[in-house]
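Trainee: Just so it is clear, I am handing over final.txt, which has compact mmCIF, C-alpha atoms.
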# COMPACT_ATOMS: atom_id res chain seq x y z
CA ARG A 8 98.56 253.33 -71.22
CA GLN A 9 100.84 253.14 -74.26
CA PHE A 10 100.05 256.79 -74.99
CA VAL A 11 101.17 257.67 -71.45
CA LEU A 12 104.38 255.63 -71.85
CA ALA A 13 105.09 257.22 -75.24
CA ALA A 14 104.67 260.68 -73.70
CA ALA A 15 106.87 259.65 -70.73
CA THR A 16 109.77 258.37 -72.84
CA SER A 17 109.67 261.22 -75.40
CA GLY A 18 109.74 263.98 -72.77
CA GLU A 19 106.24 265.22 -73.58
CA LEU A 20 104.85 264.18 -70.18
CA THR A 21 107.26 266.47 -68.29
CA ARG A 22 107.55 269.31 -70.79
CA GLU A 23 106.00 271.88 -68.40
CA TRP A 24 108.08 270.51 -65.50
CA ARG A 25 111.27 271.13 -67.49
CA VAL A 26 110.21 274.71 -68.29
CA GLN A 27 109.55 275.34 -64.58
CA ASN A 28 112.97 273.93 -63.70
CA GLY A 29 114.91 275.61 -66.50
CA ILE A 30 115.85 272.32 -68.15
CA GLY A 31 115.75 271.46 -71.85
CA LEU A 32 115.11 268.20 -73.65
CA THR A 33 118.69 268.50 -74.91
CA ASP A 34 119.77 267.70 -71.33
CA TRP A 35 118.56 264.14 -71.84
CA LYS A 36 121.53 261.79 -72.29
CA GLN A 37 121.66 259.41 -75.27
CA THR A 38 123.12 256.18 -73.94
CA ILE A 39 122.74 252.39 -73.82
CA PHE A 40 121.80 250.12 -70.93
CA SER A 41 125.31 248.71 -70.45
CA GLU A 42 126.44 252.25 -69.55
CA ILE A 43 123.77 252.72 -66.87
CA SER A 44 123.80 249.28 -65.26
CA ARG A 45 126.04 247.65 -62.67
CA GLU A 46 125.39 244.30 -64.32
CA ILE A 47 123.29 242.76 -67.07
CA THR A 48 123.00 238.99 -66.91
CA VAL A 49 120.58 236.15 -67.61
CA GLY A 50 118.57 233.71 -65.53
CA PHE A 51 119.67 230.10 -65.16
CA VAL A 52 119.76 228.13 -68.40
CA GLY A 53 119.58 224.37 -67.94
CA LYS A 54 117.44 221.42 -66.86
CA MET A 55 115.20 222.34 -63.92
CA SER A 56 112.60 219.57 -63.63
CA ASP A 57 114.42 217.76 -60.81
CA LYS A 58 115.36 220.95 -58.94
CA TYR A 59 111.94 222.13 -57.75
CA GLN A 60 110.70 221.52 -54.22
CA GLU A 61 107.69 222.39 -52.06
CA LEU A 62 109.28 225.38 -50.31
CA GLY A 63 112.59 227.21 -50.28
CA VAL A 64 114.04 230.04 -52.37
CA LYS A 65 111.54 231.56 -54.80
CA PHE A 66 112.25 230.75 -58.46
CA LEU A 67 110.72 233.02 -61.09
CA ARG A 68 109.98 232.19 -64.72
CA SER A 69 108.66 234.41 -67.51
CA GLN A 70 105.04 233.85 -66.43
CA ASN A 71 105.85 235.54 -63.10
CA VAL A 72 106.76 238.81 -64.84
CA ARG A 73 103.96 241.07 -66.05
CA ALA A 74 104.27 244.66 -67.24
CA PHE A 75 105.02 246.72 -64.11
CA ARG A 76 104.30 243.93 -61.64
CA PHE A 77 105.56 240.67 -60.22
CA ASN A 78 102.96 237.91 -60.60
CA PRO A 79 103.15 235.32 -57.76
CA GLU A 80 100.88 232.77 -59.48
CA ASN A 81 102.49 229.35 -60.08
CA LEU A 82 105.65 230.46 -58.31
CA LEU A 83 108.16 227.64 -57.90
CA TYR A 84 110.87 227.01 -55.28
CA ILE A 85 114.43 225.66 -55.22
CA SER A 86 116.79 224.66 -52.41
CA GLU A 87 119.14 227.11 -50.69
CA ASP A 88 122.10 225.04 -51.91
CA PHE A 89 121.04 225.21 -55.56
CA HIS A 90 120.36 228.94 -55.17
CA LYS A 91 123.98 229.41 -54.01
CA GLU A 92 125.20 227.22 -56.87
CA ILE A 93 123.49 229.46 -59.47
CA TYR A 94 123.98 232.73 -57.55
CA LYS A 95 124.77 234.62 -60.79
CA SER A 96 121.07 234.44 -61.73
CA ARG A 97 119.80 235.69 -58.36
CA LEU A 98 117.20 238.45 -58.23
CA GLU A 99 117.57 241.40 -55.86
CA ALA A 100 115.21 244.22 -54.89
CA GLY A 101 115.38 246.97 -57.53
CA ASP A 102 116.52 244.66 -60.34
CA LEU A 103 114.70 244.84 -63.67
CA ALA A 104 113.38 241.42 -64.66
CA ILE A 105 112.82 241.23 -68.42
CA VAL A 106 111.08 238.38 -70.24
CA ARG A 107 113.30 236.70 -72.87
CA SER A 108 110.75 234.65 -74.83
CA GLY A 109 106.97 234.41 -75.17
CA ALA A 110 106.32 238.08 -74.42
CA PRO A 111 109.90 239.38 -74.79
CA GLY A 112 110.68 242.76 -73.29
CA THR A 113 107.88 242.66 -70.71
CA THR A 114 109.45 244.14 -67.58
CA CYS A 115 108.83 244.54 -63.86
CA VAL A 116 110.92 245.80 -60.93
CA ILE A 117 111.74 243.13 -58.36
CA PRO A 118 109.98 244.22 -55.13
CA GLU A 119 111.72 244.35 -51.76
CA GLU A 120 109.18 241.97 -50.19
CA LEU A 121 110.10 239.14 -52.59
CA GLY A 122 113.23 238.38 -50.54
CA ASP A 123 115.75 235.79 -51.76
CA ALA A 124 114.91 234.73 -55.31
CA ASN A 125 116.39 233.23 -58.45
CA CYS A 126 115.11 232.75 -61.99
CA SER A 127 115.29 231.25 -65.45
CA ASP A 128 114.42 232.65 -68.90
CA LEU A 129 114.74 236.26 -67.75
CA VAL A 130 117.24 238.99 -68.55
CA ILE A 131 118.35 240.71 -65.32
CA VAL A 132 119.38 244.37 -65.28
CA ARG A 133 120.89 245.86 -62.13
CA PRO A 134 120.70 249.66 -62.59
CA ASN A 135 123.49 251.93 -61.41
CA ASP A 136 122.98 255.36 -59.82
CA GLN A 137 122.10 256.97 -63.17
CA LEU A 138 118.91 254.95 -63.64
CA LEU A 139 115.88 254.63 -61.39
CA PRO A 140 114.59 251.03 -61.65
CA GLU A 141 111.02 252.36 -61.97
CA TYR A 142 112.01 254.58 -64.91
CA GLY A 143 113.83 251.64 -66.52
CA CYS A 144 110.57 249.72 -66.18
CA VAL A 145 108.58 252.56 -67.78
CA TYR A 146 111.04 252.66 -70.66
CA MET A 147 111.19 248.90 -71.25
CA ASN A 148 107.38 248.58 -71.35
CA SER A 149 107.04 251.49 -73.81
CA SER A 150 106.52 251.00 -77.55
CA VAL A 151 109.98 252.50 -78.23
CA ALA A 152 111.77 249.72 -76.32
CA GLN A 153 109.32 247.04 -77.47
CA GLN A 154 110.09 247.81 -81.13
CA ASN A 155 113.81 247.48 -80.37
CA VAL A 156 113.21 244.15 -78.60
CA ILE A 157 111.27 242.77 -81.59
CA ALA A 158 113.95 243.93 -84.03
CA ASN A 159 116.74 242.31 -81.99
CA GLN A 160 115.31 238.90 -81.18
CA VAL A 161 117.52 235.92 -82.03
CA GLY A 162 116.93 232.20 -82.47
CA VAL A 163 115.33 229.95 -85.05
CA ALA A 164 113.07 227.41 -83.28
CA GLN A 165 111.99 229.97 -80.67
CA GLN A 166 112.95 233.60 -80.90
CA HIS A 167 114.15 235.27 -77.71
CA PHE A 168 115.68 238.50 -76.48
CA ASN A 169 119.23 238.08 -75.19
CA VAL A 170 121.74 239.79 -72.91
CA GLY A 171 123.77 241.25 -75.79
CA SER A 172 120.70 242.99 -77.21
CA MET A 173 119.82 244.31 -73.75
CA LYS A 174 123.31 245.72 -73.20
CA ASN A 175 123.05 247.62 -76.51
CA MET A 176 119.47 248.82 -75.98
CA PRO A 177 119.47 252.60 -76.63
CA ILE A 178 117.72 254.92 -74.19
CA SER A 179 117.16 258.67 -73.89
CA LEU A 180 117.91 259.23 -70.22
CA PRO A 181 116.64 262.24 -68.25
CA SER A 182 118.18 263.35 -64.94
CA ILE A 183 117.24 261.47 -61.75
CA PRO A 184 114.85 264.28 -60.59
CA GLU A 185 113.05 264.16 -63.96
CA GLN A 186 112.97 260.35 -63.87
CA GLN A 187 111.31 260.61 -60.45
CA GLU A 188 108.75 263.08 -61.81
CA ILE A 189 108.01 260.89 -64.85
CA VAL A 190 107.50 257.81 -62.65
CA ARG A 191 105.19 259.81 -60.34
CA ARG A 192 103.08 261.03 -63.26
CA VAL A 193 102.91 257.63 -64.95
CA GLU A 194 101.77 255.97 -61.71
CA SER A 195 99.15 258.68 -61.20
CA LEU A 196 97.80 258.34 -64.75
CA PHE A 197 97.78 254.54 -64.57
CA THR A 198 95.78 254.74 -61.33
CA LEU A 199 93.34 257.02 -63.13
CA ALA A 200 93.13 254.54 -66.03
CA ASP A 201 92.38 251.72 -63.56
CA THR A 202 89.56 253.77 -62.03
CA VAL A 203 88.05 254.52 -65.45
CA GLU A 204 88.22 250.83 -66.42
CA LYS A 205 86.38 249.83 -63.26
CA GLN A 206 83.66 252.40 -63.93
CA TYR A 207 83.08 251.28 -67.51
In structure tokens, how does this file's structure come out?

Mentor:
Amino acid sequence: RQFVLAAATSGELTREWRVQNGIGLTDWKQTIFSEISREITVGFVGKMSDKYQELGVKFLRSQNVRAFRFNPENLLYISEDFHKEIYKSRLEAGDLAIVRSGAPGTTCVIPEELGDANCSDLVIVRPNDQLLPEYGCVYMNSSVAQQNVIANQVGVAQQHFNVGSMKNMPISLPSIPEQQEIVRRVESLFTLADTVEKQY
């Protein structure tokens, strides 16, 4: 899977596609995430133990974010009022949710079916029209981004990845059509990898 992601983020995976479409690797834009996001913020930071309740607005923590997927296990809930109070840390469909500590850099796209949600201990990236959320997820889970995350962790007692580092994260950005093609190929190859794993 890391080989696939390395090929995806280096342009190797779509080399033939670019030839067919008369595009060169030089068309990829060298930028940083703050330039291709509407907002980059962080989940709620503060005492939570007395805020949880049986049902209500879903509240994600780092354990609910796995590479490429939202994990509903041990999902917690908060009240609608508290959700409004900490609205800055809300999660919306298409946001990138990125783990800050524990397994920093691990990223998933927030799915539409999650509905109203909020979070703690996550960096939240809201892509603009230059970045497909799914391509952002491919990039963040690749070894290129992971090395950057490790190099830019802060903290003494517990190292974590912060908003400032995310805003300055460099990325080689293909056009939207090429991002779509990369995402399609990665999903196809990951499905193939899943099938092979089940067989063996």

Trainee: Calculated over all atoms listed in the file, which of the candidates A:Ser127, A:Ser150, A:Asn28, A:Ser172 has the smallest distance to Val52 of chain A?

Mentor: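 Result for the nearest residue to Val52 of chain A: A:Ser127.
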
Trainee: Give as a PyMOL selection string the set of residues within 8 Å of the point (109.4, 229.0, -61.6), where distances use the file's coordinates and only C-alpha atoms.

Mentor: chain A and resi 65-68+71+81-84+126-127

Trainee: Is it possible to get the residues within 10 Å of (113.7, 257.3, -65.2) (coordinates as in the file, counting all atoms listed in the file) written as an MDAnalysis selection string?

Mentor: chainID A and resid 15:16 137:146 179:190

Trainee: Store the residues picked out above, limited to C-alpha atoms, as an mmCIF file, keeping the file's coordinate frame.

Mentor:
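And here's selection.cif as it stands now:
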data_model
loop_
_atom_site.group_PDB
_atom_site.id
_atom_site.type_symbol
_atom_site.label_atom_id
_atom_site.label_comp_id
_atom_site.auth_asym_id
_atom_site.auth_seq_id
_atom_site.Cartn_x
_atom_site.Cartn_y
_atom_site.Cartn_z
ATOM 1 C CA ALA A 15 106.870 259.650 -70.730
ATOM 2 C CA THR A 16 109.770 258.370 -72.840
ATOM 3 C CA GLN A 137 122.100 256.970 -63.170
ATOM 4 C CA LEU A 138 118.910 254.950 -63.640
ATOM 5 C CA LEU A 139 115.880 254.630 -61.390
ATOM 6 C CA PRO A 140 114.590 251.030 -61.650
ATOM 7 C CA GLU A 141 111.020 252.360 -61.970
ATOM 8 C CA TYR A 142 112.010 254.580 -64.910
ATOM 9 C CA GLY A 143 113.830 251.640 -66.520
ATOM 10 C CA CYS A 144 110.570 249.720 -66.180
ATOM 11 C CA VAL A 145 108.580 252.560 -67.780
ATOM 12 C CA TYR A 146 111.040 252.660 -70.660
ATOM 13 C CA SER A 179 117.160 258.670 -73.890
ATOM 14 C CA LEU A 180 117.910 259.230 -70.220
ATOM 15 C CA PRO A 181 116.640 262.240 -68.250
ATOM 16 C CA SER A 182 118.180 263.350 -64.940
ATOM 17 C CA ILE A 183 117.240 261.470 -61.750
ATOM 18 C CA PRO A 184 114.850 264.280 -60.590
ATOM 19 C CA GLU A 185 113.050 264.160 -63.960
ATOM 20 C CA GLN A 186 112.970 260.350 -63.870
ATOM 21 C CA GLN A 187 111.310 260.610 -60.450
ATOM 22 C CA GLU A 188 108.750 263.080 -61.810
ATOM 23 C CA ILE A 189 108.010 260.890 -64.850
ATOM 24 C CA VAL A 190 107.500 257.810 -62.650
#

Trainee: Write out as a compact mmCIF listing (two decimals) with C-alpha atoms, keeping the file's coordinate frame each polymer residue whose atoms come within 6 Å of segment 94-97 of chain A, counting only C-alpha atoms; drop sequence neighbours fewer than 4 positions from it.

Mentor:
# COMPACT_ATOMS: atom_id res chain seq x y z
CA GLY A 50 118.57 233.71 -65.53
CA PHE A 51 119.67 230.10 -65.16
CA HIS A 90 120.36 228.94 -55.17
CA ALA A 124 114.91 234.73 -55.31
CA ASN A 125 116.39 233.23 -58.45

Trainee: What does the distance from atom CA of Asn135 of chain A to atom CA of Ile39 of chain A come to in Å, to one decimal?

Mentor: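 Between atom CA of Asn135 of chain A and atom CA of Ile39 of chain A the gap works out to 12.4 Å.
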
Trainee: Which residue is closest to Lys91 of chain A? Choose from A:Asp123, A:Asp136, A:Glu194, A:Glu19 and count only C-alpha atoms.

Mentor: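 Answer, going by the shortest atom-to-atom distance: A:Asp123.
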
Trainee: At a cut-off of 8 Å, using all atoms listed in the file, what residues contact Gly63 of chain A? Leave out same-chain residues fewer than 5 positions from it and give the result as a PyMOL selection string.

Mentor: chain A and resi 84-87

Trainee: Near Ala100 of chain A, within 10 Å and counting only C-alpha atoms, which residues show up once chain neighbours fewer than 2 positions away are dropped, as a PyMOL selection string?

Mentor: chain A and resi 98+102-103+116-124+133+140

Trainee: For Phe197 of chain A, which of A:Thr21, A:Val170, A:Phe75, A:Ile105 is the closest residue, counting all atoms listed in the file?

Mentor: A:Phe75

Trainee: Nearest residue to Arg45 of chain A out of A:Val132, A:Leu196, A:Arg191, A:Met173, using all atoms listed in the file?

Mentor: A:Val132

Trainee: Report the centre and edge lengths, in Å to one decimal, of an axis-aligned box enclosing every atom of segment 34-47 of chain A listed in the file, padded by 5 Å on each side, as JSON.

Mentor:
{"center_x": 122.5, "center_y": 255.2, "center_z": -69.0, "size_x": 17.9, "size_y": 34.9, "size_z": 22.6}

Trainee: Got a sec: who's within 6 Å of Lys174 of chain A, counting all atoms listed in the file, leaving out chain neighbours fewer than 3 positions off, as a VMD selection string?

Mentor: chain A and resid 40 to 41 171

Trainee: Quote the spacing between atom CA of Arg107 of chain A and atom CA of Pro177 of chain A in Å to one decimal place.

Mentor: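 Atom-to-atom, atom CA of Arg107 of chain A to atom CA of Pro177 of chain A, that is 17.5 Å.
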
Trainee: For atom CA of Arg22 of chain A and atom CA of Ile178 of chain A, determine how far apart the two atoms are, in Å to one decimal place.

Mentor: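 Here the two named atoms are 17.9 Å from each other.
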
Trainee: Considering only C-alpha atoms, state which residue in the set A:Asn148, A:Glu92, A:Asn155, A:Gln37 is at the smallest distance from Arg8 of chain A.

Mentor: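 Closest candidate: A:Asn148.
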
Trainee: Quick one: residues within 12 Å of Gly109 of chain A, only C-alpha atoms, excluding same-chain residues fewer than 6 positions away - as a PyMOL selection string?

Mentor: chain A and resi 68-70+72-73+128-129+157+160+165-168
